[in-house]
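Here is run03.txt, consisting of compact mmCIF, C-alpha atoms and all ligand atoms:
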```
# COMPACT_ATOMS: atom_id res chain seq x y z
CA MET A 1 -1.95 13.93 -9.42
CA TYR A 2 -5.05 11.87 -9.10
CA GLY A 3 -7.46 14.62 -8.19
CA ASN A 4 -9.29 12.37 -5.75
CA ASP A 5 -10.72 15.01 -3.53
CA PHE A 6 -13.57 13.70 -1.47
CA PRO A 7 -16.74 15.72 -1.35
CA GLY A 8 -17.98 16.54 2.12
CA GLU A 9 -14.63 16.08 3.83
CA ASP A 10 -13.74 18.33 6.79
CA PRO A 11 -10.91 20.78 6.30
CA PRO A 12 -7.87 18.57 6.69
CA GLY A 13 -5.82 18.55 9.85
CA GLY A 14 -3.52 16.01 11.46
CA LEU A 15 -2.42 13.16 9.27
CA LEU A 16 -4.72 14.04 6.40
CA GLY A 17 -3.21 17.52 6.47
CA GLU A 18 0.25 15.99 6.22
CA VAL A 19 -0.84 14.01 3.17
CA GLU A 20 -2.17 17.19 1.62
CA ALA A 21 1.13 18.94 2.38
CA ALA A 22 3.05 16.09 0.76
CA GLU A 23 0.90 16.44 -2.34
CA VAL A 24 1.59 20.19 -2.48
CA ALA A 25 5.33 19.53 -2.04
CA LEU A 26 5.20 17.01 -4.86
CA ARG A 27 3.66 19.57 -7.22
CA ALA A 28 6.15 22.21 -6.10
CA ALA A 29 9.08 19.87 -6.71
CA ALA A 30 7.70 19.09 -10.15
CA ALA A 31 7.45 22.82 -10.89
CA ARG A 32 11.13 23.39 -10.08
CA ASP A 33 12.36 22.57 -13.52
CA ARG A 34 15.36 20.33 -13.89
CA GLY A 35 16.83 19.56 -17.27
CA ALA A 36 17.69 16.12 -18.48
CA ALA A 37 20.89 14.43 -17.42
CA GLU A 38 23.78 15.63 -19.62
CA PRO A 39 24.54 13.15 -22.39
CA GLY A 40 27.63 11.30 -21.25
CA GLY A 41 27.34 12.99 -17.85
CA ASP A 42 27.68 11.38 -14.47
CA LEU A 43 24.39 9.51 -13.95
CA ALA A 44 25.03 8.73 -10.30
CA ALA A 45 25.69 12.42 -9.60
CA TYR A 46 22.48 13.37 -11.41
CA PHE A 47 20.52 10.83 -9.37
CA ALA A 48 21.99 12.21 -6.14
CA GLU A 49 21.16 15.79 -7.16
CA VAL A 50 17.53 14.94 -7.87
CA VAL A 51 17.16 13.14 -4.53
CA ASP A 52 18.93 15.94 -2.63
CA ALA A 53 16.63 18.53 -4.20
CA ASP A 54 13.60 16.53 -2.97
CA GLN A 55 12.54 15.92 -6.52
CA LYS A 56 11.24 12.60 -7.77
CA ILE A 57 13.03 9.77 -9.48
CA GLU A 58 10.81 8.45 -12.28
CA PRO A 59 10.71 4.93 -13.74
CA ARG A 60 13.06 5.45 -16.66
CA ASP A 61 15.65 7.54 -14.85
CA TRP A 62 18.97 5.91 -14.13
CA MET A 63 19.04 4.61 -10.56
CA PRO A 64 21.45 2.50 -8.51
CA GLU A 65 20.58 -1.19 -8.75
CA ALA A 66 20.34 -1.43 -4.97
CA TYR A 67 17.83 1.45 -4.92
CA ARG A 68 15.73 -0.38 -7.49
CA ARG A 69 15.92 -3.67 -5.59
CA THR A 70 15.13 -2.04 -2.25
CA LEU A 71 12.09 -0.33 -3.72
CA ILE A 72 10.82 -3.45 -5.44
CA ARG A 73 11.07 -5.40 -2.21
CA GLN A 74 9.46 -2.70 -0.11
CA ILE A 75 6.63 -1.85 -2.51
CA ALA A 76 5.92 -5.53 -3.27
CA GLN A 77 5.76 -6.46 0.41
CA HIS A 78 3.56 -3.48 1.01
CA ALA A 79 1.25 -4.66 -1.80
CA HIS A 80 1.18 -8.23 -0.45
CA SER A 81 0.22 -6.82 2.97
CA GLU A 82 -2.76 -5.00 1.52
CA ILE A 83 -3.92 -8.18 -0.23
CA ILE A 84 -3.44 -10.54 2.72
CA GLY A 85 -4.86 -7.82 4.96
CA MET A 86 -8.28 -8.37 3.43
CA GLN A 87 -8.58 -11.75 5.15
CA PRO A 88 -8.87 -10.92 8.86
CA GLU A 89 -11.65 -8.42 8.18
CA GLY A 90 -13.20 -10.35 5.32
CA ASN A 91 -13.83 -12.97 7.97
CA TRP A 92 -16.48 -10.67 9.50
CA ILE A 93 -18.31 -9.37 6.42
CA SER A 94 -21.03 -12.01 6.61
CA ARG A 95 -21.39 -11.51 10.37
CA ALA A 96 -21.39 -7.72 10.60
CA PRO A 97 -24.10 -6.65 13.07
CA SER A 98 -26.10 -4.50 10.63
CA LEU A 99 -26.53 -3.92 6.93
CA LYS A 100 -24.84 -0.54 7.29
CA ARG A 101 -21.79 -2.03 9.01
CA LYS A 102 -21.66 -4.77 6.41
CA ALA A 103 -21.72 -2.28 3.53
CA ILE A 104 -18.98 -0.19 5.16
CA LEU A 105 -16.78 -3.21 5.84
CA LEU A 106 -17.23 -4.48 2.28
CA ALA A 107 -16.18 -1.09 0.94
CA LYS A 108 -13.19 -1.00 3.26
CA VAL A 109 -11.99 -4.46 2.26
CA GLN A 110 -12.47 -3.52 -1.38
CA ASP A 111 -10.30 -0.44 -0.76
CA GLU A 112 -7.53 -2.70 0.56
CA ALA A 113 -7.66 -4.72 -2.67
CA GLY A 114 -7.34 -1.40 -4.51
CA HIS A 115 -4.31 -0.44 -2.40
CA GLY A 116 -2.67 -3.72 -3.27
CA LEU A 117 -3.27 -3.08 -6.96
CA TYR A 118 -1.98 0.54 -6.92
CA LEU A 119 1.16 -0.75 -5.23
CA TYR A 120 1.69 -3.70 -7.56
CA ALA A 121 1.41 -1.24 -10.45
CA ALA A 122 4.03 1.01 -8.78
CA ALA A 123 6.38 -1.97 -8.31
CA GLU A 124 5.93 -2.97 -11.94
CA THR A 125 7.29 0.39 -13.09
CA LEU A 126 10.63 -0.81 -11.66
CA GLY A 127 10.77 -3.68 -14.14
CA VAL A 128 9.26 -6.61 -12.29
CA SER A 129 6.18 -8.34 -13.72
CA ARG A 130 2.88 -8.88 -11.94
CA ASP A 131 3.16 -12.64 -12.36
CA GLU A 132 6.54 -12.62 -10.64
CA LEU A 133 5.19 -10.53 -7.78
CA VAL A 134 2.28 -12.92 -7.29
CA ASP A 135 4.68 -15.87 -7.37
CA LEU A 136 6.93 -14.25 -4.77
CA LEU A 137 3.98 -14.00 -2.40
CA LEU A 138 2.49 -17.44 -3.12
CA SER A 139 5.85 -19.18 -2.81
CA GLY A 140 6.54 -17.40 0.48
CA ARG A 141 9.73 -15.80 -0.83
CA GLN A 142 8.41 -12.38 0.03
CA LYS A 143 6.63 -11.47 3.26
CA TYR A 144 3.61 -9.44 4.17
CA SER A 145 3.01 -7.50 7.37
CA SER A 146 2.99 -9.83 10.38
CA ILE A 147 -0.04 -8.13 11.88
CA PHE A 148 -2.29 -10.07 9.52
CA ASN A 149 -1.21 -13.36 11.05
CA TYR A 150 -3.32 -12.62 14.13
CA PRO A 151 -6.93 -13.85 14.25
CA THR A 152 -10.08 -11.72 14.39
CA LEU A 153 -12.00 -13.31 17.24
CA SER A 154 -14.83 -10.83 17.76
CA TRP A 155 -16.68 -8.05 15.96
CA ALA A 156 -14.78 -5.56 18.12
CA ASP A 157 -11.61 -6.76 16.39
CA VAL A 158 -12.86 -5.13 13.21
CA GLY A 159 -12.98 -1.88 15.17
CA ALA A 160 -9.55 -2.42 16.72
CA ILE A 161 -8.04 -3.20 13.33
CA GLY A 162 -9.44 -0.01 11.83
CA TRP A 163 -8.29 2.13 14.72
CA LEU A 164 -4.93 0.56 15.58
CA VAL A 165 -3.79 -1.39 12.52
CA ASP A 166 -4.93 1.11 9.90
CA GLY A 167 -3.80 3.82 12.31
CA ALA A 168 -0.28 2.39 12.55
CA ALA A 169 -0.26 1.88 8.79
CA ILE A 170 -1.11 5.55 8.28
CA VAL A 171 1.68 6.71 10.60
CA ASN A 172 4.06 4.49 8.62
CA GLN A 173 2.73 5.57 5.26
CA VAL A 174 2.27 9.31 5.56
CA PRO A 175 6.05 9.91 5.33
CA LEU A 176 6.11 7.61 2.28
CA CYS A 177 3.99 10.22 0.47
CA ARG A 178 7.33 12.10 0.25
CA CYS A 179 9.34 9.11 -0.94
CA SER A 180 11.93 9.92 -3.61
CA TYR A 181 10.44 7.43 -6.07
CA GLY A 182 7.58 9.17 -7.89
CA PRO A 183 5.19 6.27 -8.57
CA TYR A 184 5.44 5.07 -4.96
CA ALA A 185 4.91 8.57 -3.55
CA ARG A 186 1.87 9.11 -5.76
CA ALA A 187 0.37 5.73 -4.86
CA MET A 188 0.88 6.47 -1.17
CA ILE A 189 -0.89 9.81 -1.38
CA ARG A 190 -3.89 8.05 -2.82
CA VAL A 191 -3.72 5.22 -0.29
CA CYS A 192 -3.34 7.51 2.73
CA LYS A 193 -6.41 9.53 1.82
CA GLU A 194 -8.45 6.34 1.79
CA GLU A 195 -6.83 4.97 4.95
CA SER A 196 -7.99 7.83 7.10
CA PHE A 197 -11.57 6.72 6.44
CA HIS A 198 -10.65 3.19 7.46
CA GLN A 199 -9.27 4.41 10.73
CA ARG A 200 -12.34 6.49 11.44
CA GLN A 201 -14.78 3.65 10.75
CA GLY A 202 -12.83 1.39 13.11
CA TYR A 203 -12.74 4.05 15.77
CA GLU A 204 -16.49 4.53 15.42
CA ILE A 205 -17.13 0.80 15.88
CA LEU A 206 -15.08 0.79 19.10
CA HIS A 207 -16.73 4.00 20.29
CA THR A 208 -20.18 2.50 19.80
CA LEU A 209 -19.22 -0.70 21.64
CA ALA A 210 -17.41 1.16 24.42
CA HIS A 211 -20.56 3.19 25.06
CA GLY A 212 -22.89 0.18 24.82
CA THR A 213 -23.69 -2.54 27.35
CA PRO A 214 -21.03 -3.67 29.84
CA ALA A 215 -20.58 -6.84 27.76
CA GLN A 216 -20.00 -4.76 24.60
CA LYS A 217 -17.51 -2.53 26.39
CA ALA A 218 -15.68 -5.61 27.70
CA MET A 219 -15.53 -6.98 24.16
CA ALA A 220 -14.02 -3.71 22.94
CA GLN A 221 -11.46 -3.69 25.76
CA ASP A 222 -10.52 -7.30 25.07
CA SER A 223 -9.76 -6.56 21.46
CA VAL A 224 -7.69 -3.47 22.28
CA ASP A 225 -5.80 -5.66 24.78
CA ARG A 226 -5.00 -8.17 22.03
CA TRP A 227 -4.21 -5.74 19.19
CA TRP A 228 -2.15 -3.12 21.02
CA TYR A 229 1.26 -4.80 21.08
CA PRO A 230 1.04 -6.41 17.64
CA SER A 231 0.19 -2.93 16.31
CA LEU A 232 3.31 -1.47 17.96
CA ALA A 233 5.32 -4.27 16.34
CA MET A 234 4.10 -3.11 12.91
CA PHE A 235 6.82 -0.43 12.97
CA GLY A 236 9.43 -3.16 12.79
CA PRO A 237 12.40 -4.00 14.98
CA PRO A 238 13.99 -1.31 17.16
CA ASP A 239 16.39 1.04 15.37
CA GLY A 240 19.49 -0.76 16.61
CA ASP A 241 18.39 -3.99 14.89
CA SER A 242 16.95 -2.55 11.72
CA THR A 243 19.17 -3.56 8.83
CA HIS A 244 17.95 -1.50 5.89
CA SER A 245 17.21 1.79 7.58
CA ALA A 246 20.31 3.96 7.08
CA GLN A 247 20.58 3.47 3.33
CA SER A 248 16.83 3.89 2.84
CA MET A 249 17.00 7.16 4.75
CA ALA A 250 19.87 8.41 2.60
CA TRP A 251 17.84 7.62 -0.51
CA LYS A 252 14.80 9.34 1.00
CA ILE A 253 12.73 6.21 0.68
CA LYS A 254 12.33 6.23 4.43
CA ARG A 255 12.07 9.51 6.32
CA PHE A 256 11.85 8.48 9.98
CA SER A 257 13.23 5.58 11.98
CA ASN A 258 11.06 2.71 13.23
CA ASP A 259 11.31 3.96 16.80
CA GLU A 260 10.41 7.54 15.89
CA LEU A 261 7.27 6.36 14.11
CA ARG A 262 6.33 4.00 16.94
CA GLN A 263 6.63 6.86 19.41
CA ARG A 264 4.48 9.09 17.22
CA PHE A 265 1.82 6.37 17.08
CA VAL A 266 1.77 5.85 20.86
CA ASP A 267 1.51 9.60 21.46
CA MET A 268 -1.46 9.80 19.10
CA CYS A 269 -3.28 6.82 20.56
CA VAL A 270 -3.28 7.83 24.23
CA GLY A 271 -5.79 10.64 23.80
CA GLN A 272 -7.86 8.61 21.38
CA ALA A 273 -8.09 5.73 23.87
CA GLU A 274 -9.19 8.15 26.59
CA ALA A 275 -11.98 9.43 24.36
CA LEU A 276 -13.09 5.85 23.83
CA GLY A 277 -13.04 5.18 27.55
CA LEU A 278 -10.79 2.17 26.88
CA ARG A 279 -7.50 1.32 28.55
CA ILE A 280 -4.23 0.82 26.70
CA PRO A 281 -2.88 -2.42 28.19
CA ASP A 282 0.43 -0.98 29.38
CA PRO A 283 0.99 -0.29 33.09
CA GLU A 284 4.21 1.59 32.23
CA LEU A 285 2.48 4.06 29.91
CA ARG A 286 3.02 7.57 31.28
CA TRP A 287 3.83 11.07 30.12
CA ASN A 288 7.50 11.95 30.24
CA ASP A 289 7.87 15.68 30.68
CA ASP A 290 11.56 15.72 29.72
CA ARG A 291 11.01 13.91 26.46
CA GLN A 292 7.62 15.52 25.82
CA ALA A 293 6.41 12.07 24.84
CA TYR A 294 4.90 9.00 26.46
CA ASP A 295 7.06 6.29 27.96
CA PHE A 296 5.70 2.90 27.02
CA THR A 297 6.47 -0.81 27.03
CA GLN A 298 8.05 -2.11 23.84
CA PRO A 299 6.29 -4.93 22.01
CA ASP A 300 7.76 -8.41 22.25
CA TYR A 301 10.26 -8.47 19.39
CA ASP A 302 10.95 -12.18 19.85
CA GLU A 303 7.27 -12.78 19.18
CA LEU A 304 7.53 -10.52 16.12
CA MET A 305 10.44 -12.58 14.78
CA GLN A 306 8.49 -15.78 15.45
CA VAL A 307 5.51 -14.49 13.48
CA ILE A 308 7.75 -13.23 10.66
CA ASN A 309 9.32 -16.67 10.51
CA GLY A 310 5.97 -18.31 9.92
CA ASN A 311 4.94 -19.29 13.43
CA GLY A 312 2.18 -16.79 14.13
CA PRO A 313 -1.34 -17.99 14.94
CA CYS A 314 -2.62 -17.67 11.35
CA ASN A 315 0.38 -17.73 8.97
CA ARG A 316 -0.54 -21.07 7.40
CA GLN A 317 -4.21 -20.26 7.14
CA ARG A 318 -3.52 -16.91 5.43
CA MET A 319 -1.18 -18.42 2.85
CA GLU A 320 -3.44 -21.41 2.20
CA HIS A 321 -6.38 -19.13 1.67
CA ARG A 322 -4.45 -16.91 -0.76
CA ARG A 323 -3.15 -19.89 -2.72
CA ARG A 324 -6.59 -21.41 -2.91
CA ALA A 325 -8.16 -18.14 -4.04
CA HIS A 326 -5.50 -17.84 -6.74
CA ARG A 327 -6.01 -21.44 -7.86
CA GLU A 328 -9.78 -21.18 -7.87
CA GLY A 329 -9.61 -17.97 -9.89
CA ALA A 330 -7.48 -19.59 -12.60
CA TRP A 331 -10.44 -20.64 -14.75
CA VAL A 332 -11.82 -17.09 -14.69
CA ARG A 333 -8.50 -15.67 -15.89
CA GLU A 334 -8.25 -18.35 -18.56
CA ALA A 335 -11.81 -17.85 -19.74
CA ALA A 336 -11.38 -14.07 -19.95
CA THR A 337 -8.17 -14.48 -21.93
CA ALA A 338 -9.78 -17.01 -24.29
CA TYR A 339 -12.76 -14.72 -24.80
CA ALA A 340 -10.48 -11.76 -25.54
CA ALA A 341 -8.51 -13.83 -28.06
CA LYS A 342 -11.68 -15.04 -29.76
CA ARG A 343 -13.05 -11.52 -30.05
CA ALA A 344 -9.77 -10.17 -31.37
CA GLU A 345 -9.83 -12.94 -33.99
CA LYS A 346 -13.39 -12.06 -35.05
CA GLU A 347 -12.54 -8.38 -35.33
CA LYS A 348 -9.58 -9.25 -37.52
CA VAL A 349 -11.81 -11.31 -39.83
CA ALA A 350 -14.42 -8.55 -39.97
CA ALA A 351 -11.85 -5.86 -40.75
CA MET B 1 7.48 -19.20 -18.93
CA SER B 2 4.37 -20.87 -20.29
CA ARG B 3 2.03 -18.32 -18.79
CA GLN B 4 0.86 -15.47 -20.96
CA HIS B 5 1.00 -12.06 -19.40
CA THR B 6 -2.35 -10.37 -19.16
CA PRO B 7 -1.92 -7.10 -21.07
CA LEU B 8 -1.16 -3.89 -19.20
CA TRP B 9 -3.47 -0.90 -19.69
CA GLU B 10 -2.88 2.73 -18.82
CA VAL B 11 -5.86 4.46 -17.25
CA PHE B 12 -6.88 8.10 -17.83
CA VAL B 13 -9.70 9.74 -15.91
CA ARG B 14 -11.60 12.97 -16.56
CA ALA B 15 -12.21 14.22 -13.04
CA ARG B 16 -14.93 16.70 -13.92
CA ARG B 17 -16.61 18.15 -16.96
CA GLY B 18 -14.28 20.75 -18.44
CA LEU B 19 -11.05 19.04 -17.40
CA ALA B 20 -8.79 16.90 -19.58
CA HIS B 21 -8.31 13.19 -18.98
CA THR B 22 -5.35 12.65 -16.67
CA HIS B 23 -3.22 9.55 -16.25
CA VAL B 24 -4.09 7.93 -12.91
CA GLY B 25 -2.30 4.58 -13.07
CA SER B 26 -2.34 1.23 -14.75
CA LEU B 27 -3.90 -2.21 -14.47
CA HIS B 28 -3.96 -5.63 -16.11
CA ALA B 29 -6.93 -6.96 -18.07
CA PRO B 30 -7.41 -9.37 -20.98
CA ASP B 31 -9.42 -6.93 -23.11
CA ALA B 32 -10.61 -3.33 -23.32
CA GLU B 33 -14.04 -4.01 -21.89
CA LEU B 34 -12.68 -5.66 -18.75
CA ALA B 35 -9.98 -3.01 -18.50
CA LEU B 36 -12.72 -0.39 -18.40
CA HIS B 37 -14.68 -2.28 -15.74
CA ASN B 38 -11.58 -2.80 -13.64
CA ALA B 39 -10.58 0.84 -14.05
CA ARG B 40 -13.96 1.93 -12.77
CA ASP B 41 -13.64 -0.31 -9.70
CA LEU B 42 -10.02 0.53 -9.06
CA TYR B 43 -9.69 4.24 -9.80
CA THR B 44 -13.15 5.76 -9.37
CA ARG B 45 -14.54 4.25 -6.18
CA ARG B 46 -15.05 7.73 -4.76
CA GLN B 47 -16.49 9.64 -7.69
CA GLU B 48 -13.05 10.64 -8.88
CA GLY B 49 -14.18 10.76 -12.47
CA VAL B 50 -16.94 11.25 -15.01
CA SER B 51 -15.17 9.53 -17.90
CA ILE B 52 -12.45 6.89 -18.24
CA TRP B 53 -10.07 6.00 -21.07
CA VAL B 54 -8.06 2.80 -21.12
CA VAL B 55 -5.13 2.45 -23.50
CA PRO B 56 -2.99 -0.64 -24.08
CA ALA B 57 0.40 0.22 -22.61
CA SER B 58 2.06 -1.45 -25.57
CA ALA B 59 0.37 1.08 -27.91
CA ILE B 60 2.03 4.05 -26.25
CA THR B 61 5.08 5.59 -27.83
CA ALA B 62 6.93 7.53 -25.18
CA SER B 63 9.02 10.61 -25.69
CA SER B 64 10.31 13.13 -23.20
CA PRO B 65 13.65 14.91 -22.91
CA ASP B 66 14.95 12.58 -20.21
CA GLU B 67 13.79 9.46 -21.93
CA LYS B 68 15.27 10.27 -25.35
CA ASP B 69 18.87 10.50 -24.24
CA ALA B 70 21.11 8.08 -26.01
CA PHE B 71 22.76 6.76 -22.87
CA PHE B 72 19.57 5.13 -21.72
CA ASP B 73 19.46 1.42 -22.23
CA PRO B 74 17.45 0.70 -25.40
CA ALA B 75 15.40 -1.79 -23.39
CA ALA B 76 13.88 1.18 -21.61
CA ASP B 77 11.86 1.89 -24.76
CA LYS B 78 9.42 -0.78 -23.70
CA VAL B 79 6.74 0.45 -21.40
CA TYR B 80 6.44 -2.97 -19.86
CA ARG B 81 9.81 -4.48 -19.15
CA HIS B 82 10.80 -7.89 -17.96
CA PRO B 83 13.50 -8.29 -15.36
CA THR B 84 16.62 -10.36 -15.59
CA PHE B 85 18.29 -9.10 -12.46
CA TYR B 86 15.85 -9.87 -9.75
CA GLU B 87 16.54 -12.09 -6.81
CA VAL B 88 15.02 -11.89 -3.36
CA PRO B 89 17.01 -13.34 -0.52
CA ASP B 90 15.02 -15.92 1.45
CA GLY B 91 13.73 -14.85 4.81
CA VAL B 92 13.53 -11.14 4.07
CA ALA B 93 12.16 -9.61 7.20
CA HIS B 94 11.51 -6.10 6.06
CA LEU B 95 7.91 -5.15 6.75
FE FE C 401 -4.70 -0.23 2.88
FE FE C 402 -6.82 0.32 5.37
```
Hey, can you dump this file as structure tokens for me?
Ligand SMILES: [Fe+2]
Ligand SMILES: [Fe+2]
Amino acid sequence: MYGNDFPGEDPPGGLLGEVEAAEVALRAAAARDRGAAEPGGDLAAYFAEVVDADQKIEPRDWMPEAYRRTLIRQIAQHAHSEIIGMQPEGNWISRAPSLKRKAILLAKVQDEAGHGLYLYAAAETLGVSRDELVDLLLSGRQKYSSIFNYPTLSWADVGAIGWLVDGAAIVNQVPLCRCSYGPYARAMIRVCKEESFHQRQGYEILHTLAHGTPAQKAMAQDSVDRWWYPSLAMFGPPDGDSTHSAQSMAWKIKRFSNDELRQRFVDMCVGQAEALGLRIPDPELRWNDDRQAYDFTQPDYDELMQVINGNGPCNRQRMEHRRRAHREGAWVREAATAYAAKRAEKEKVAA
Amino acid sequence: MSRQHTPLWEVFVRARRGLAHTHVGSLHAPDAELALHNARDLYTRRQEGVSIWVVPASAITASSPDEKDAFFDPAADKVYRHPTFYEVPDGVAHL
């Protein structure tokens, strides 16, 4: 694995503990030796055996075409989300209230760029090129998470994004650390370890505001009010309407249904909101003793579909910004390539 | 396609003195120097390493029991493959 243990970290519990457990399981699965597929043997049966045994499929193993396509789409859209996800928070870097907050936010946004790059690299192992992936995003043929089409109106939104949006992302992503495709699982372990810091920094921002002046507390409450339902929508449509789920579960790409993960997220957030002294904007939110879980109001899935279809508050702005950044970076890429070619030429002459 | 692919590099990091370099992932860069810079920013933001190697992916010859088997498509010998199969339906809504 990557060996990215972080000095000074508390003994892991909760989600970070689950990531650690996934990493241990990955090593254990690797240790259970499995020979190569028999020459001339049944490749589909071998694939199924590896998946059933909770071992990892690696890039050059035989895999069903649909498995490959599903993974490319999922990993690519995940990568695009990390890249577009830099924008809402990037919006506040120059206006962070202190040098410390600015440095933290810069580092966080830089992490998101890193997540995008780990994931693009994982997608590329499936035989798609980086240029194609970038084109798929820029041409709008592939999506990114709808949450990033909402605006960041106040500094408290940076806190709410860290707590709720990174929080929901972690709940979604921790099970992906056990995904059957090795490069994706390994990338997710790395990503999840970094995400937990994102969530904590957001939570700390909200905690500070919620314990500040009445105006600061109101600002924090306002942003929780705006980000709560879009965060719940991050888990996707309800199980009945989710088209890809069953097959992805069978392939062990996905481990839990959208609704199971959404429930897990709500159950986690209730106590965290109480500790903040902020209200979750749901009058129906209450403990259900029979289910041993909270009852809650579902997000507006029509709104989710609207945002997915390009009609969210910031869809156009996000895409325009990404296209412009790509265009304006073209000369840098060209110059670096020209410089590399010139140097290679010189070395050839010298040799 | 008129565009030239920026070369792919494999990145190896020595986590601590006394340990071997371990493969951590890959990245694109036009030359070795930039690959090294990018590797530092991408894979060692949290002191994950004391030394980095970058190797052009195209310079790696791969061999492992699974990969040698004759029934694998010869195209799989290339570390960096180009797709011919790939089509994404418009309006994919999977998040
Ligand atoms: Fe991220
Ligand atoms: Fe994050």
Nearby residues, ligand FE 401 (chain C), 9 Å, only C-alpha atoms and all ligand atoms, as a JSON list (two decimals) with C-alpha atoms, in the frame of the given file:
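Saved the output as pocket.json:
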```
[["chain", "number", "residue", "atom", "x", "y", "z"],
["A", 79, "ALA", "CA", 1.25, -4.66, -1.80],
["A", 81, "SER", "CA", 0.22, -6.82, 2.97],
["A", 82, "GLU", "CA", -2.76, -5.00, 1.52],
["A", 83, "ILE", "CA", -3.92, -8.18, -0.23],
["A", 85, "GLY", "CA", -4.86, -7.82, 4.96],
["A", 86, "MET", "CA", -8.28, -8.37, 3.43],
["A", 108, "LYS", "CA", -13.19, -1.00, 3.26],
["A", 109, "VAL", "CA", -11.99, -4.46, 2.26],
["A", 111, "ASP", "CA", -10.30, -0.44, -0.76],
["A", 112, "GLU", "CA", -7.53, -2.70, 0.56],
["A", 113, "ALA", "CA", -7.66, -4.72, -2.67],
["A", 114, "GLY", "CA", -7.34, -1.40, -4.51],
["A", 115, "HIS", "CA", -4.31, -0.44, -2.40],
["A", 116, "GLY", "CA", -2.67, -3.72, -3.27],
["A", 166, "ASP", "CA", -4.93, 1.11, 9.90],
["A", 169, "ALA", "CA", -0.26, 1.88, 8.79],
["A", 170, "ILE", "CA", -1.11, 5.55, 8.28],
["A", 191, "VAL", "CA", -3.72, 5.22, -0.29],
["A", 192, "CYS", "CA", -3.34, 7.51, 2.73],
["A", 194, "GLU", "CA", -8.45, 6.34, 1.79],
["A", 195, "GLU", "CA", -6.83, 4.97, 4.95],
["A", 198, "HIS", "CA", -10.65, 3.19, 7.46]]
```
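Minimum atom-to-atom distances from B:Phe12, B:Asp31, B:Pro7, B:Thr61 to chain A were compared using only C-alpha atoms, and the lowest value belongs to B:Asp31.
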Find the residue from B:His5, B:Ala35, B:Pro56, B:Gly18 that sits nearest to chain A; use all atoms listed in the file when measuring. B:His5
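Each of A:Leu105, A:Val19, A:Ala123, A:Val50 was checked against ligand FE 402 (chain C) using all atoms listed in the file; the smallest atom-to-atom distance is that of A:Leu105.
Taking atom CA of A:Met188 and atom CA of A:Tyr118 as the two end points, the separation is 8.7 Å.
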